[in-house]
Amino acid sequence: MILREFTVGPLQVRAYIMGCKDTSKAIIVDPAGSEEYLAKAIEDLGLELMAIVNTHGHPDHTCGNERMKQLTGAPVLMHKADDELFREPSVVAMFRAWGFEPAPPADGYLEDGQSLQVGNLSFEIIHTPGHSPGSVCLYGHGVVVTGDTLFIDAIGRTDLPGGDYDVLMNSLKTRIIPLPDDTLVLPGHDYGPKPTDTLGGQKRTNPYLSQLL
């Protein structure tokens, strides 16, 4: 697997290019800033972008969708719950006050248990509500892209529209902790002491995970 990591946008989102070496097909996860740079990186890697994937609908993660779609022609995919919530007028007004315009509607929906095919690669969509109703993680090939569900030594906030701490903790307990300990966690922000860690490492040092064991 080809994997490239970038920090982009006003809130320092972690974006990921994930590509198949055999077929040159790729996806990009949360391209929320520096879209021209990311599109050039995809081109320089010799990859064809198949989809723009959002781990959730918060505007710091979706603000690059429209421009990335213009540059690449790739469809935008996210969970239906977030696509609907973050287009509600009251929620749009809240984030507009923060300086974010609403993203266009998604072109397709991600569903729990879905296998997202990227050439010869396959990533399982894991629905992990709590940070937002439609938060998802992508798991496969030794990595899990967690968005704002799980950070290194922390978890996502739950005080924004649709957030629920108890629901998030249940998602972590039932959907993330059972993954293999050697899985590399790729979070949506670099908020911890290091950018990435194994899930086993996080079970030892992340206080939110350790209390669930």
# chains A, B, ... in the order shown; residues from 1 in each chain; ligands from 1

call {"tool": "closest_atom_pairs", "arguments": {"of": "segment 68-167 of chain A", "to": "segment 25-37 of chain A", "cutoff": "8 Å", "atoms": "only C-alpha atoms", "output": "Markdown table"}}
result
| residue | atom | partner | partner_atom | distance |
| --- | --- | --- | --- | --- |
| A:Met68 | CA | A:Glu35 | CA | 5.6 |
| A:Leu71 | CA | A:Glu36 | CA | 7.5 |
| A:Val118 | CA | A:Lys25 | CA | 5.8 |
| A:Gly119 | CA | A:Lys25 | CA | 5.3 |

call {"tool": "closest_atom_pairs", "arguments": {"of": "segment 2-29 of chain A", "to": "segment 130-145 of chain A", "cutoff": "12 Å", "atoms": "only C-alpha atoms", "output": "tab-separated table"}}
result
residue	atom	partner	partner_atom	distance
A:Ile2	CA	A:His141	CA	10.7
A:Leu3	CA	A:Val143	CA	10.0
A:Glu5	CA	A:Val145	CA	11.0
A:Arg14	CA	A:Val145	CA	9.9
A:Ala15	CA	A:Val145	CA	9.8
A:Tyr16	CA	A:Val145	CA	8.5
A:Ile17	CA	A:Val145	CA	11.0
A:Met18	CA	A:Val145	CA	10.4
A:Gly19	CA	A:His141	CA	11.3
A:Cys20	CA	A:His141	CA	10.9
A:Ile27	CA	A:Leu138	CA	11.3
A:Ile28	CA	A:Val145	CA	11.2
A:Val29	CA	A:Val145	CA	8.5

call {"tool": "write_last_selection", "arguments": {"atoms": "C-alpha atoms", "output": "PDB file, in the first residue's frame"}}
result
ATOM      1  CA  ILE A   2       1.095   3.524  -0.792  1.00  0.00           C
ATOM      2  CA  LEU A   3       0.457   5.762   2.231  1.00  0.00           C
ATOM      3  CA  GLU A   5       0.245  11.724   5.373  1.00  0.00           C
ATOM      4  CA  ARG A  14      -4.411  15.043   9.049  1.00  0.00           C
ATOM      5  CA  ALA A  15      -5.160  14.024   5.446  1.00  0.00           C
ATOM      6  CA  TYR A  16      -4.143  10.644   4.036  1.00  0.00           C
ATOM      7  CA  ILE A  17      -3.514   9.419   0.497  1.00  0.00           C
ATOM      8  CA  MET A  18      -3.919   5.636   0.347  1.00  0.00           C
ATOM      9  CA  GLY A  19      -3.112   3.909  -2.910  1.00  0.00           C
ATOM     10  CA  CYS A  20      -2.775   0.495  -4.496  1.00  0.00           C
ATOM     11  CA  ILE A  27      -8.466   7.459  -2.185  1.00  0.00           C
ATOM     12  CA  ILE A  28      -7.813  10.562  -0.137  1.00  0.00           C
ATOM     13  CA  VAL A  29      -9.179  10.933   3.379  1.00  0.00           C
TER      14      VAL A  29
END

call {"tool": "closest_residue", "arguments": {"among": "A:Phe86, A:Phe95, A:Tyr165, A:Phe100", "to": "Pro10 of chain A", "atoms": "only C-alpha atoms"}}
result
A:Phe100

call {"tool": "select_by_dssp", "arguments": {"residues": "segment 44-128 of chain A", "states": "alpha helix (DSSP H)", "output": "list in words"}}
result
Asp44, Pro59, Asp60, His61, Thr62, Asn65, Glu66, Arg67, Met68, Lys69, Gln70, Leu71, Thr72, Lys80, Ala81, Asp82, Asp83, Glu84, Leu85, Pro89, Ser90, Val91, Val92, Ala93, Met94, Phe95, Arg96 and Ala97 of chain A

call {"tool": "residues_around", "arguments": {"residues": "segment 195-203 of chain A", "least_positions_apart": "3", "cutoff": "9 Å", "atoms": "only C-alpha atoms", "output": "ChimeraX atom specification"}}
result
/A:143-144,151-153,176-177,179-187,189-192,206-213

call {"tool": "write_last_selection", "arguments": {"atoms": "N, CA and C atoms", "output": "PDB file, in the first residue's frame"}}
result
ATOM      1  N   VAL A 143      -3.652  -0.750   9.121  1.00  0.00           N
ATOM      2  CA  VAL A 143      -3.880   0.599   9.624  1.00  0.00           C
ATOM      3  C   VAL A 143      -5.365   0.806   9.905  1.00  0.00           C
ATOM      4  N   VAL A 144      -5.659   1.752  10.805  1.00  0.00           N
ATOM      5  CA  VAL A 144      -7.020   2.224  10.997  1.00  0.00           C
ATOM      6  C   VAL A 144      -6.981   3.749  11.014  1.00  0.00           C
ATOM      7  N   PHE A 151      -7.729   9.874  19.018  1.00  0.00           N
ATOM      8  CA  PHE A 151      -6.444  10.539  18.843  1.00  0.00           C
ATOM      9  C   PHE A 151      -5.377   9.751  19.600  1.00  0.00           C
ATOM     10  N   ILE A 152      -4.133  10.150  19.451  1.00  0.00           N
ATOM     11  CA  ILE A 152      -3.067   9.543  20.233  1.00  0.00           C
ATOM     12  C   ILE A 152      -3.146  10.097  21.655  1.00  0.00           C
ATOM     13  N   ASP A 153      -3.443   9.212  22.589  1.00  0.00           N
ATOM     14  CA  ASP A 153      -3.599   9.522  24.015  1.00  0.00           C
ATOM     15  C   ASP A 153      -4.803  10.415  24.310  1.00  0.00           C
ATOM     16  N   ILE A 176     -13.330  -0.466  18.111  1.00  0.00           N
ATOM     17  CA  ILE A 176     -11.913  -0.170  17.913  1.00  0.00           C
ATOM     18  C   ILE A 176     -11.021  -1.069  18.754  1.00  0.00           C
ATOM     19  N   ILE A 177     -11.309  -1.207  20.037  1.00  0.00           N
ATOM     20  CA  ILE A 177     -10.463  -2.021  20.909  1.00  0.00           C
ATOM     21  C   ILE A 177     -10.308  -3.458  20.403  1.00  0.00           C
ATOM     22  N   LEU A 179      -9.787  -4.536  17.492  1.00  0.00           N
ATOM     23  CA  LEU A 179      -8.855  -4.665  16.373  1.00  0.00           C
ATOM     24  C   LEU A 179      -7.493  -5.134  16.874  1.00  0.00           C
ATOM     25  N   PRO A 180      -6.677  -5.732  16.005  1.00  0.00           N
ATOM     26  CA  PRO A 180      -5.370  -6.243  16.436  1.00  0.00           C
ATOM     27  C   PRO A 180      -4.480  -5.159  17.035  1.00  0.00           C
ATOM     28  N   ASP A 181      -3.714  -5.552  18.054  1.00  0.00           N
ATOM     29  CA  ASP A 181      -2.865  -4.589  18.758  1.00  0.00           C
ATOM     30  C   ASP A 181      -1.810  -3.953  17.862  1.00  0.00           C
ATOM     31  N   ASP A 182      -1.381  -4.648  16.806  1.00  0.00           N
ATOM     32  CA  ASP A 182      -0.339  -4.091  15.952  1.00  0.00           C
ATOM     33  C   ASP A 182      -0.888  -3.153  14.875  1.00  0.00           C
ATOM     34  N   THR A 183      -2.194  -2.883  14.907  1.00  0.00           N
ATOM     35  CA  THR A 183      -2.797  -1.954  13.951  1.00  0.00           C
ATOM     36  C   THR A 183      -2.265  -0.548  14.198  1.00  0.00           C
ATOM     37  N   LEU A 184      -1.838   0.135  13.135  1.00  0.00           N
ATOM     38  CA  LEU A 184      -1.335   1.496  13.249  1.00  0.00           C
ATOM     39  C   LEU A 184      -2.496   2.479  13.232  1.00  0.00           C
ATOM     40  N   VAL A 185      -2.601   3.304  14.258  1.00  0.00           N
ATOM     41  CA  VAL A 185      -3.667   4.295  14.376  1.00  0.00           C
ATOM     42  C   VAL A 185      -3.247   5.568  13.639  1.00  0.00           C
ATOM     43  N   LEU A 186      -4.082   5.990  12.683  1.00  0.00           N
ATOM     44  CA  LEU A 186      -3.846   7.218  11.918  1.00  0.00           C
ATOM     45  C   LEU A 186      -4.970   8.196  12.258  1.00  0.00           C
ATOM     46  N   PRO A 187      -4.725   9.134  13.185  1.00  0.00           N
ATOM     47  CA  PRO A 187      -5.792  10.003  13.673  1.00  0.00           C
ATOM     48  C   PRO A 187      -6.032  11.212  12.784  1.00  0.00           C
ATOM     49  N   HIS A 189      -6.103  14.380  13.755  1.00  0.00           N
ATOM     50  CA  HIS A 189      -5.279  15.519  14.146  1.00  0.00           C
ATOM     51  C   HIS A 189      -4.073  14.991  14.909  1.00  0.00           C
ATOM     52  N   ASP A 190      -2.990  15.719  14.865  1.00  0.00           N
ATOM     53  CA  ASP A 190      -1.789  15.366  15.615  1.00  0.00           C
ATOM     54  C   ASP A 190      -1.828  16.102  16.954  1.00  0.00           C
ATOM     55  N   TYR A 191      -2.667  15.604  17.858  1.00  0.00           N
ATOM     56  CA  TYR A 191      -2.851  16.249  19.150  1.00  0.00           C
ATOM     57  C   TYR A 191      -2.048  15.588  20.265  1.00  0.00           C
ATOM     58  N   GLY A 192      -1.383  14.497  19.985  1.00  0.00           N
ATOM     59  CA  GLY A 192      -0.722  13.733  21.028  1.00  0.00           C
ATOM     60  C   GLY A 192       0.774  13.953  21.064  1.00  0.00           C
ATOM     61  N   ASN A 206      -3.335   5.489  26.455  1.00  0.00           N
ATOM     62  CA  ASN A 206      -4.501   6.361  26.288  1.00  0.00           C
ATOM     63  C   ASN A 206      -5.467   6.110  27.441  1.00  0.00           C
ATOM     64  N   PRO A 207      -5.690   7.116  28.305  1.00  0.00           N
ATOM     65  CA  PRO A 207      -6.519   6.871  29.495  1.00  0.00           C
ATOM     66  C   PRO A 207      -7.957   6.514  29.168  1.00  0.00           C
ATOM     67  N   TYR A 208      -8.440   6.937  28.017  1.00  0.00           N
ATOM     68  CA  TYR A 208      -9.829   6.616  27.641  1.00  0.00           C
ATOM     69  C   TYR A 208      -9.958   5.157  27.233  1.00  0.00           C
ATOM     70  N   LEU A 209      -8.942   4.635  26.552  1.00  0.00           N
ATOM     71  CA  LEU A 209      -8.981   3.216  26.181  1.00  0.00           C
ATOM     72  C   LEU A 209      -8.686   2.313  27.368  1.00  0.00           C
ATOM     73  N   SER A 210      -7.739   2.696  28.186  1.00  0.00           N
ATOM     74  CA  SER A 210      -7.335   1.811  29.284  1.00  0.00           C
ATOM     75  C   SER A 210      -8.476   1.565  30.261  1.00  0.00           C
ATOM     76  N   GLN A 211      -9.358   2.541  30.422  1.00  0.00           N
ATOM     77  CA  GLN A 211     -10.470   2.332  31.344  1.00  0.00           C
ATOM     78  C   GLN A 211     -11.535   1.394  30.781  1.00  0.00           C
ATOM     79  N   LEU A 212     -11.444   1.108  29.494  1.00  0.00           N
ATOM     80  CA  LEU A 212     -12.419   0.224  28.857  1.00  0.00           C
ATOM     81  C   LEU A 212     -11.967  -1.227  28.832  1.00  0.00           C
ATOM     82  N   LEU A 213     -10.724  -1.456  29.204  1.00  0.00           N
ATOM     83  CA  LEU A 213     -10.156  -2.823  29.122  1.00  0.00           C
ATOM     84  C   LEU A 213     -10.535  -3.648  30.345  1.00  0.00           C
TER      85      LEU A 213
END

call {"tool": "closest_residue", "arguments": {"among": "A:Asn54, A:Ala39, A:Ser90, A:Gly64", "to": "Gly108 of chain A", "atoms": "only C-alpha atoms"}}
result
A:Asn54

call {"tool": "closest_residue", "arguments": {"among": "A:Ile42, A:Ile126, A:Leu85, A:Leu49", "to": "Gly162 of chain A", "atoms": "only C-alpha atoms"}}
result
A:Leu85

call {"tool": "select_by_dssp", "arguments": {"residues": "chain A", "states": "strand (DSSP E or B)", "output": "JSON, numbers by chain"}}
result
{"A": [2, 3, 4, 5, 6, 7, 8, 13, 14, 15, 16, 17, 18, 19, 25, 26, 27, 28, 29, 48, 49, 50, 51, 52, 53, 76, 77, 78, 79, 108, 109, 110, 115, 116, 117, 118, 121, 122, 123, 124, 125, 126, 127, 136, 137, 138, 139, 140, 143, 144, 145, 146, 147, 150, 151, 154, 155, 184, 185, 186, 187, 189, 197, 198]}

call {"tool": "closest_residue", "arguments": {"among": "A:Pro89, A:Gly188, A:Gly156, A:Pro75", "to": "Leu110 of chain A", "atoms": "only C-alpha atoms"}}
result
A:Pro75

call {"tool": "atom_distance", "arguments": {"atom1": "atom CA of Ala74 of chain A", "atom2": "atom CA of Gly9 of chain A"}}
result
19.8 Å

call {"tool": "closest_residue", "arguments": {"among": "A:Ala41, A:Leu150, A:Leu121, A:Met78", "to": "Thr55 of chain A", "atoms": "only C-alpha atoms"}}
result
A:Met78
